[in-house]
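*Asks:* Following this message is one structure expressed as structure tokens.
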Amino acid sequence: MENRINVTEFVLLGLTQNPEVQKILFAVFLIIYILTMVGNILIIIIVIGSKNLRSPMYFFLAFLSSMDAIYSTVIVPKMTIDMLYEKATISFKACMVQLFLGHLFGGAEVFLLIFMAYDRYVAICKPLYYLVIMRWRVCVLLLVVSWIGGFMHSLIQLLCIVSVPFCGPNIIDHFACDMYPLLELSCTDTYIIGISVVANGGAICTIIFVLLLISYGVILHTLKTQSSEGRQKALSTCISHITVVVFFFVPCIFMYDRPVCTFPIDKALTVFYTIITPMLNPLIYTLRNKEMKNAMKKLWNKKGMSSCQIMDVLNKQ
């Protein structure tokens, strides 16, 4: 314990040490964060405000958007602000909090994505039993399981880190606290912990990714028996889900399905699945989904009519 206390804070090197590039990246990531928050909050508002979006798919989508918004908030604000300073630091406790929350929401999203795939499988392959199988009690239970899965995953990651001593270097060649950059600073053998990280993070991501690909493969095969209109609607939904799955899982598998080591490309991949993907999700789900676009138009028109009515009342007065 005494060895660990010697390191009270870490220095984050960020994406680059070039001040001019940092200024450009500050503006870029600030815009990305704003778009991420606006897009995901808009989806939540549309799902809550539209009576036509009461199916389990949109229930899960609203929670996916909330996870993406919070997941991005765990990383982006700190990273963006750090670009304004010559030296970026984070305390040991804050680093552990960031690590825990990042893996909590990231892990919960992993489990939620497979439940969303199961929802689409039931809707397309067993449409007559959809309302029986995907009851609201079942949907809530699946959501709770995703949170429990994310919590257990994150707790194991945190326990792995706090169990190792940090008694020397405190410079993290990264813009956030994550498992492998932290383990490389440890002054003890991390081979066993590295195996646990692969088993906990890498294996889970790989298994779920394979299951997701199989499930969507079965769904796409089943579409052959659907009508032309039904096939087009289901295909549009599945393509959007598959796009999210590939964008999220492929970088995660590369990051955590290997021994304890870091590569220069790691930071770029982390940017992709922690920052870019949460921004793209609202675009993917809204631009390829007619029901979402129609609900958005109706909600916009409703707000427009309400504004006009208020203006008419004010003018009459």
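We label chains A, B, ... in the order they appear in the structure tokens, count residues from 1 in each chain, and number ligands from 1 in the order shown.
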Which of region 66-194 of chain A counts as strand (DSSP E) under DSSP, as an mmCIF file with all heavy atoms, in the first residue's frame please?

*Replies:*
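The resulting file, out13.cif, is shown below:
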```cif
data_model
loop_
_atom_site.group_PDB
_atom_site.id
_atom_site.type_symbol
_atom_site.label_atom_id
_atom_site.label_comp_id
_atom_site.auth_asym_id
_atom_site.auth_seq_id
_atom_site.Cartn_x
_atom_site.Cartn_y
_atom_site.Cartn_z
ATOM 1 N N ALA A 88 -1.123 18.191 -18.564
ATOM 2 C CA ALA A 88 -2.418 17.653 -18.130
ATOM 3 C C ALA A 88 -2.189 16.585 -17.071
ATOM 4 O O ALA A 88 -1.387 15.660 -17.268
ATOM 5 C CB ALA A 88 -3.175 17.061 -19.314
ATOM 6 N N THR A 89 -2.860 16.716 -15.949
ATOM 7 C CA THR A 89 -2.720 15.744 -14.869
ATOM 8 C C THR A 89 -4.095 15.268 -14.406
ATOM 9 O O THR A 89 -5.116 15.929 -14.637
ATOM 10 C CB THR A 89 -1.981 16.356 -13.664
ATOM 11 O OG1 THR A 89 -2.726 17.479 -13.163
ATOM 12 C CG2 THR A 89 -0.588 16.805 -14.058
ATOM 13 N N ILE A 90 -4.097 14.117 -13.753
ATOM 14 C CA ILE A 90 -5.314 13.577 -13.155
ATOM 15 C C ILE A 90 -4.910 12.852 -11.875
ATOM 16 O O ILE A 90 -3.909 12.135 -11.836
ATOM 17 C CB ILE A 90 -6.037 12.617 -14.132
ATOM 18 C CG1 ILE A 90 -7.364 12.145 -13.546
ATOM 19 C CG2 ILE A 90 -5.158 11.440 -14.512
ATOM 20 C CD1 ILE A 90 -8.236 11.388 -14.540
ATOM 21 N N SER A 91 -5.655 13.082 -10.812
ATOM 22 C CA SER A 91 -5.336 12.450 -9.536
ATOM 23 C C SER A 91 -5.581 10.950 -9.607
ATOM 24 O O SER A 91 -6.316 10.464 -10.475
ATOM 25 C CB SER A 91 -6.176 13.060 -8.412
ATOM 26 O OG SER A 91 -7.540 12.718 -8.569
ATOM 27 N N ILE A 171 3.672 8.814 -15.904
ATOM 28 C CA ILE A 171 3.311 9.446 -17.180
ATOM 29 C C ILE A 171 2.559 8.438 -18.050
ATOM 30 O O ILE A 171 3.099 7.391 -18.420
ATOM 31 C CB ILE A 171 4.567 9.956 -17.927
ATOM 32 C CG1 ILE A 171 5.277 11.007 -17.086
ATOM 33 C CG2 ILE A 171 4.181 10.531 -19.280
ATOM 34 C CD1 ILE A 171 6.572 11.508 -17.697
ATOM 35 N N ILE A 172 1.303 8.749 -18.348
ATOM 36 C CA ILE A 172 0.463 7.880 -19.165
ATOM 37 C C ILE A 172 0.446 8.414 -20.597
ATOM 38 O O ILE A 172 0.015 9.546 -20.828
ATOM 39 C CB ILE A 172 -0.986 7.829 -18.613
ATOM 40 C CG1 ILE A 172 -0.993 7.316 -17.172
ATOM 41 C CG2 ILE A 172 -1.856 6.945 -19.500
ATOM 42 C CD1 ILE A 172 -2.377 7.315 -16.546
#
```

*Asks:* Please extract the residues of region 24-126 of chain A with a backbone DSSP assignment of alpha helix (DSSP H) and present them as an MDAnalysis selection string.

*Replies:* chainID A and resid 24:49 56:82 92:125

*Asks:* Write out as a PDB file with C-alpha atoms, in the first residue's frame each polymer residue whose atoms come within 10 Å of Glu291 (chain A), counting only C-alpha atoms; drop sequence neighbours fewer than 4 positions from it.

*Replies:*
```
ATOM      1  CA  ASN A  52     -45.705   5.658 -32.222  1.00  0.00           C
ATOM      2  CA  LEU A  53     -42.334   4.651 -30.750  1.00  0.00           C
ATOM      3  CA  LYS A 233     -37.774  -2.096 -43.454  1.00  0.00           C
ATOM      4  CA  THR A 286     -32.258   8.216 -37.367  1.00  0.00           C
ATOM      5  CA  LEU A 287     -31.126   8.538 -40.994  1.00  0.00           C
ATOM      6  CA  ALA A 295     -41.594  10.908 -35.373  1.00  0.00           C
ATOM      7  CA  MET A 296     -38.992  13.664 -35.521  1.00  0.00           C
ATOM      8  CA  LYS A 297     -41.033  15.561 -38.145  1.00  0.00           C
TER       9      LYS A 297
END
```

*Asks:* Leaving out Gly14 (chain A) and any residue of its chain fewer than 5 positions from it, which residues lie within 8 Å of it when counting only C-alpha atoms, given as a VMD selection string?

*Replies:* chain A and resid 79 82 to 83 88 173 to 176

*Asks:* Grab the CA of Phe10 (chain A) to CA of Leu182 (chain A) distance for me, in Å with one decimal place.

*Replies:* 9.4 Å

*Asks:* Do you have, as a Markdown table, the list of residues of region 103-154 of chain A lying at most 10 Å from region 204-222 of chain A, each with its nearest atom pair and that distance in Å to one decimal, counting only C-alpha atoms and ordered by chain then number?

*Replies:*
```
| residue | atom | partner | partner_atom | distance |
| --- | --- | --- | --- | --- |
| A:Gly107 | CA | A:Cys205 | CA | 9.0 |
| A:Val110 | CA | A:Cys205 | CA | 7.4 |
| A:Phe111 | CA | A:Ile208 | CA | 7.9 |
| A:Leu113 | CA | A:Leu212 | CA | 8.2 |
| A:Ile114 | CA | A:Leu212 | CA | 6.2 |
| A:Phe115 | CA | A:Leu212 | CA | 9.4 |
| A:Met116 | CA | A:Leu212 | CA | 9.6 |
| A:Ala117 | CA | A:Leu212 | CA | 6.7 |
| A:Tyr118 | CA | A:Ser215 | CA | 7.5 |
| A:Arg120 | CA | A:Ile219 | CA | 7.9 |
| A:Tyr121 | CA | A:Ile219 | CA | 5.9 |
| A:Val122 | CA | A:Ile219 | CA | 9.1 |
| A:Ala123 | CA | A:Ile219 | CA | 9.6 |
| A:Ile124 | CA | A:Ile219 | CA | 6.8 |
| A:Cys125 | CA | A:Thr222 | CA | 6.4 |
| A:His153 | CA | A:Ile204 | CA | 9.3 |
```

*Asks:* Compile the contact shell of region 263-273 of chain A as a list in words: residues with an atom at most 8 Å away, counting only C-alpha atoms, same-chain residues fewer than 6 positions apart removed.

*Replies:*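 Those residues are Leu15, His174, Phe175, Phe247, Phe248, Pro251, Cys252 and Met255 of chain A.
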
*Asks:* Would you mind exporting the chosen residues as a short mmCIF file (atom, residue, chain, number, x, y, z; two decimals), in the first residue's frame, restricted to N, CA, C and O atoms?

*Replies:*
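Printed below is again-v1.cif as written:
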```cif
data_model
loop_
_atom_site.label_atom_id
_atom_site.label_comp_id
_atom_site.auth_asym_id
_atom_site.auth_seq_id
_atom_site.Cartn_x
_atom_site.Cartn_y
_atom_site.Cartn_z
N LEU A 15 -3.32 13.24 -26.98
CA LEU A 15 -3.16 12.77 -28.36
C LEU A 15 -1.89 13.29 -29.01
O LEU A 15 -1.29 12.63 -29.85
N HIS A 174 -1.42 8.55 -23.02
CA HIS A 174 -2.81 8.41 -23.44
C HIS A 174 -3.55 9.68 -23.02
O HIS A 174 -2.99 10.53 -22.34
N PHE A 175 -4.83 9.80 -23.47
CA PHE A 175 -5.62 10.97 -23.07
C PHE A 175 -6.62 10.63 -21.98
O PHE A 175 -7.36 11.49 -21.51
N PHE A 247 -18.50 -0.87 -35.61
CA PHE A 247 -17.76 0.31 -35.17
C PHE A 247 -17.33 0.19 -33.71
O PHE A 247 -16.25 0.66 -33.33
N PHE A 248 -18.17 -0.43 -32.89
CA PHE A 248 -17.88 -0.49 -31.46
C PHE A 248 -16.98 -1.67 -31.10
O PHE A 248 -16.02 -1.53 -30.34
N PRO A 251 -12.69 -2.23 -32.71
CA PRO A 251 -11.60 -1.60 -31.95
C PRO A 251 -11.44 -2.16 -30.54
O PRO A 251 -10.31 -2.31 -30.06
N CYS A 252 -12.57 -2.50 -29.88
CA CYS A 252 -12.49 -3.04 -28.52
C CYS A 252 -11.78 -4.39 -28.50
O CYS A 252 -10.98 -4.66 -27.59
N MET A 255 -8.14 -3.85 -28.80
CA MET A 255 -7.56 -3.23 -27.62
C MET A 255 -7.37 -4.20 -26.46
O MET A 255 -6.37 -4.14 -25.74
#
```

*Asks:* List the spatial neighbours of region 21-26 of chain A as a PyMOL selection string - criterion: any atom at most 7 Å away, only C-alpha atoms, same-chain residues fewer than 3 positions off excluded.

*Replies:* chain A and resi 16+18+29-30+80+83

*Asks:* Could those selected residues go to a file with N, CA and C atoms, as a CSV table (one decimal), in the first residue's frame?

*Replies:*
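Contents of selection.csv, as written:
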```
chain,number,residue,atom,x,y,z
A,16,THR,N,-1.5,14.5,-28.6
A,16,THR,CA,-0.3,15.1,-29.2
A,16,THR,C,0.3,16.1,-28.2
A,18,ASN,N,2.0,18.8,-29.6
A,18,ASN,CA,2.1,20.0,-30.4
A,18,ASN,C,1.0,21.0,-30.1
A,29,PHE,N,-13.0,18.3,-31.2
A,29,PHE,CA,-13.6,17.5,-30.2
A,29,PHE,C,-14.7,18.2,-29.4
A,30,LEU,N,-14.6,19.5,-29.3
A,30,LEU,CA,-15.7,20.2,-28.6
A,30,LEU,C,-16.9,20.2,-29.5
A,80,THR,N,-10.7,17.3,-23.6
A,80,THR,CA,-10.8,18.6,-24.3
A,80,THR,C,-10.2,19.7,-23.5
A,83,MET,N,-6.4,19.9,-23.3
A,83,MET,CA,-5.7,20.4,-24.5
A,83,MET,C,-5.4,21.9,-24.3
```
